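File shown: coords.txt (compact mmCIF, C-alpha atoms).
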# COMPACT_ATOMS: atom_id res chain seq x y z
CA MET A 1 7.21 24.21 -25.47
CA THR A 2 5.34 22.81 -22.47
CA THR A 3 5.46 19.08 -21.86
CA PRO A 4 1.96 17.61 -21.60
CA ILE A 5 0.92 16.22 -18.23
CA PRO A 6 0.74 12.40 -18.33
CA THR A 7 -2.61 10.71 -17.87
CA ILE A 8 -2.38 8.08 -15.13
CA ALA A 9 -4.73 5.15 -14.52
CA VAL A 10 -5.32 4.69 -10.78
CA ARG A 11 -6.77 1.69 -8.97
CA LEU A 12 -7.86 2.17 -5.35
CA PHE A 13 -8.22 -0.77 -2.99
CA ALA A 14 -10.14 -1.48 0.21
CA GLY A 15 -10.49 1.56 2.48
CA ALA A 16 -9.01 3.89 -0.15
CA ALA A 17 -11.75 2.93 -2.61
CA ALA A 18 -14.42 3.25 0.06
CA ALA A 19 -13.23 6.69 1.15
CA PHE A 20 -12.71 7.91 -2.43
CA GLY A 21 -16.09 6.55 -3.56
CA ALA A 22 -14.70 4.59 -6.51
CA ASP A 23 -12.22 1.84 -7.16
CA ALA A 24 -10.67 3.49 -10.23
CA ALA A 25 -9.84 6.94 -11.57
CA THR A 26 -7.82 8.61 -14.29
CA VAL A 27 -5.85 11.68 -13.27
CA PRO A 28 -3.27 14.00 -14.80
CA ALA A 29 -0.02 13.90 -12.79
CA ARG A 30 3.74 14.18 -13.33
CA THR A 31 4.67 12.67 -9.94
CA LEU A 32 3.08 10.59 -7.21
CA GLU A 33 2.79 13.77 -5.16
CA GLU A 34 0.71 15.41 -7.92
CA LEU A 35 -1.37 12.23 -8.17
CA VAL A 36 -2.17 12.32 -4.44
CA ALA A 37 -3.07 16.01 -4.72
CA ALA A 38 -5.36 15.31 -7.68
CA LEU A 39 -7.10 12.43 -5.91
CA THR A 40 -7.67 14.40 -2.73
CA ALA A 41 -8.46 17.84 -4.22
CA ASP A 42 -12.23 17.38 -4.41
CA GLY A 43 -12.60 14.47 -2.02
CA SER A 44 -13.68 14.22 1.56
CA ALA A 45 -11.41 14.70 4.54
CA GLU A 46 -11.58 10.92 5.09
CA ALA A 47 -10.41 10.25 1.51
CA ALA A 48 -7.50 12.66 1.98
CA ARG A 49 -6.56 10.97 5.28
CA VAL A 50 -6.69 7.43 3.90
CA ILE A 51 -4.98 8.19 0.59
CA GLY A 52 -2.35 10.25 2.39
CA ARG A 53 -1.42 7.21 4.52
CA SER A 54 -1.50 4.72 1.63
CA SER A 55 1.30 2.91 -0.17
CA PHE A 56 1.70 3.24 -3.92
CA LEU A 57 2.66 0.75 -6.59
CA VAL A 58 3.67 2.14 -9.98
CA ASN A 59 3.36 -0.57 -12.62
CA ALA A 60 3.41 -3.18 -9.80
CA VAL A 61 6.60 -1.79 -8.15
CA ALA A 62 6.43 -0.17 -4.69
CA ARG A 63 7.38 3.50 -4.81
CA PRO A 64 7.60 5.13 -1.36
CA ASP A 65 9.08 8.38 -2.72
CA LEU A 66 6.26 10.74 -3.68
CA SER A 67 8.60 12.62 -6.02
CA HIS A 68 8.71 9.51 -8.24
CA PRO A 69 8.02 10.62 -11.84
CA LEU A 70 5.05 9.27 -13.77
CA ALA A 71 4.60 8.77 -17.52
CA ASP A 72 1.67 8.26 -19.86
CA GLY A 73 0.43 4.71 -19.59
CA ASP A 74 1.59 4.17 -15.99
CA ARG A 75 -0.80 2.44 -13.63
CA VAL A 76 -0.77 3.37 -9.96
CA ASP A 77 -2.31 1.15 -7.29
CA VAL A 78 -3.30 2.87 -4.05
CA LEU A 79 -3.07 0.47 -1.10
CA PRO A 80 -4.32 1.75 2.25
CA PRO A 81 -2.84 0.55 5.53
CA PHE A 82 -4.19 -2.92 6.34
CA ALA A 83 -5.09 -4.28 9.76
CA GLY A 84 -4.89 -0.85 11.37
CA GLY A 85 -1.35 -0.26 10.01
Please rewrite the model in this file as structure tokens.
Amino acid sequence: MTTPIPTIAVRLFAGAAAAFGADAATVPARTLEELVAALTADGSAEAARVIGRSSFLVNAVARPDLSHPLADGDRVDVLPPFAGG
């Protein structure tokens, strides 16, 4: 039996929201890496660049490892580099 892919609520801030064209999304993803791929799959090159350089909070906890697993009901915040970072 195949495990269903979790549905993840995503909030994008500042430059990530501007590049993505929205400040929120819902995507299917098992890991942060899958989430990044889902967010950038149909987006612009700028969105892929900004999201690819962003930091991620899962349920308000920083998660630098993109292999971090995700579960239904998780909320991921996408925080782009600030002040040119």
Task: Nearest to Asp65 of chain A, chosen from A:Thr40, A:Thr26, A:Thr31, A:Thr7, with only C-alpha atoms counted in the distances - done: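 Among A:Thr40, A:Thr26, A:Thr31, A:Thr7, it is A:Thr31 that comes nearest to Asp65 of chain A.
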Task: Separation of atom CA of Glu46 of chain A from atom CA of Leu32 of chain A, in Å and rounded to one decimal - done: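 That distance, rounded to one decimal, is 19.1 Å.
In terms of minimum interatomic distance to Leu57 of chain A, A:Leu79 ranks closest within A:Ala29, A:Ala45, A:Leu79, A:Ile8, counting all atoms listed in the file.
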Task: Contacts of Arg63 of chain A within 12 Å, all atoms listed in the file, excl. fewer than 3 positions in-chain, as a list in words - done: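 Near Arg63 of chain A, the qualifying residues are Thr31, Leu32, Glu33, Ser54, Ser55, Phe56, Leu57, Val58, Asn59, Ala60, Leu66, Ser67, His68, Pro69, Leu70, Val76, Asp77, Val78 and Leu79 of chain A.
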Would you save the residues from that selection as an mmCIF file, in the frame of the given file, using C-alpha atoms?
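Ended up saving to out.cif:
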data_model
loop_
_atom_site.group_PDB
_atom_site.id
_atom_site.type_symbol
_atom_site.label_atom_id
_atom_site.label_comp_id
_atom_site.auth_asym_id
_atom_site.auth_seq_id
_atom_site.Cartn_x
_atom_site.Cartn_y
_atom_site.Cartn_z
ATOM 1 C CA THR A 31 4.670 12.670 -9.940
ATOM 2 C CA LEU A 32 3.080 10.590 -7.210
ATOM 3 C CA GLU A 33 2.790 13.770 -5.160
ATOM 4 C CA SER A 54 -1.500 4.720 1.630
ATOM 5 C CA SER A 55 1.300 2.910 -0.170
ATOM 6 C CA PHE A 56 1.700 3.240 -3.920
ATOM 7 C CA LEU A 57 2.660 0.750 -6.590
ATOM 8 C CA VAL A 58 3.670 2.140 -9.980
ATOM 9 C CA ASN A 59 3.360 -0.570 -12.620
ATOM 10 C CA ALA A 60 3.410 -3.180 -9.800
ATOM 11 C CA LEU A 66 6.260 10.740 -3.680
ATOM 12 C CA SER A 67 8.600 12.620 -6.020
ATOM 13 C CA HIS A 68 8.710 9.510 -8.240
ATOM 14 C CA PRO A 69 8.020 10.620 -11.840
ATOM 15 C CA LEU A 70 5.050 9.270 -13.770
ATOM 16 C CA VAL A 76 -0.770 3.370 -9.960
ATOM 17 C CA ASP A 77 -2.310 1.150 -7.290
ATOM 18 C CA VAL A 78 -3.300 2.870 -4.050
ATOM 19 C CA LEU A 79 -3.070 0.470 -1.100
#
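Going from atom CA of Val10 of chain A over to atom CA of Asp74 of chain A, you cover 8.7 Å.
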Specify the axis-aligned box that encloses all atoms of segment 27-36 of chain A listed in the file after padding of 4 Å on each side, stating its centre and edge lengths in Å to one decimal as AutoDock Vina command-line options.
--center_x -0.6 --center_y 13.0 --center_z -9.6 --size_x 18.5 --size_y 12.8 --size_z 18.4
- [ ] Figure out the distance between atom CA of Leu39 of chain A and atom CA of Ala14 of chain A, please, to one decimal in Å.
- [x]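 Taking atom CA of Ala14 of chain A as the start and atom CA of Leu39 of chain A as the end point, the length is 15.5 Å.
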Taking (-6.8, 11.3, 4.2) as a centre in this file's frame and 12 Å as the limit, can you find every polymer residue with an atom that close, using only C-alpha atoms, and give them as a PDB file with C-alpha atoms, keeping the file's coordinate frame?
ATOM      1  CA  GLY A  15     -10.490   1.560   2.480  1.00  0.00           C
ATOM      2  CA  ALA A  16      -9.010   3.890  -0.150  1.00  0.00           C
ATOM      3  CA  ALA A  17     -11.750   2.930  -2.610  1.00  0.00           C
ATOM      4  CA  ALA A  18     -14.420   3.250   0.060  1.00  0.00           C
ATOM      5  CA  ALA A  19     -13.230   6.690   1.150  1.00  0.00           C
ATOM      6  CA  PHE A  20     -12.710   7.910  -2.430  1.00  0.00           C
ATOM      7  CA  VAL A  36      -2.170  12.320  -4.440  1.00  0.00           C
ATOM      8  CA  ALA A  37      -3.070  16.010  -4.720  1.00  0.00           C
ATOM      9  CA  LEU A  39      -7.100  12.430  -5.910  1.00  0.00           C
ATOM     10  CA  THR A  40      -7.670  14.400  -2.730  1.00  0.00           C
ATOM     11  CA  ALA A  41      -8.460  17.840  -4.220  1.00  0.00           C
ATOM     12  CA  ASP A  42     -12.230  17.380  -4.410  1.00  0.00           C
ATOM     13  CA  GLY A  43     -12.600  14.470  -2.020  1.00  0.00           C
ATOM     14  CA  SER A  44     -13.680  14.220   1.560  1.00  0.00           C
ATOM     15  CA  ALA A  45     -11.410  14.700   4.540  1.00  0.00           C
ATOM     16  CA  GLU A  46     -11.580  10.920   5.090  1.00  0.00           C
ATOM     17  CA  ALA A  47     -10.410  10.250   1.510  1.00  0.00           C
ATOM     18  CA  ALA A  48      -7.500  12.660   1.980  1.00  0.00           C
ATOM     19  CA  ARG A  49      -6.560  10.970   5.280  1.00  0.00           C
ATOM     20  CA  VAL A  50      -6.690   7.430   3.900  1.00  0.00           C
ATOM     21  CA  ILE A  51      -4.980   8.190   0.590  1.00  0.00           C
ATOM     22  CA  GLY A  52      -2.350  10.250   2.390  1.00  0.00           C
ATOM     23  CA  ARG A  53      -1.420   7.210   4.520  1.00  0.00           C
ATOM     24  CA  SER A  54      -1.500   4.720   1.630  1.00  0.00           C
ATOM     25  CA  PRO A  80      -4.320   1.750   2.250  1.00  0.00           C
ATOM     26  CA  PRO A  81      -2.840   0.550   5.530  1.00  0.00           C
TER      27      PRO A  81
END
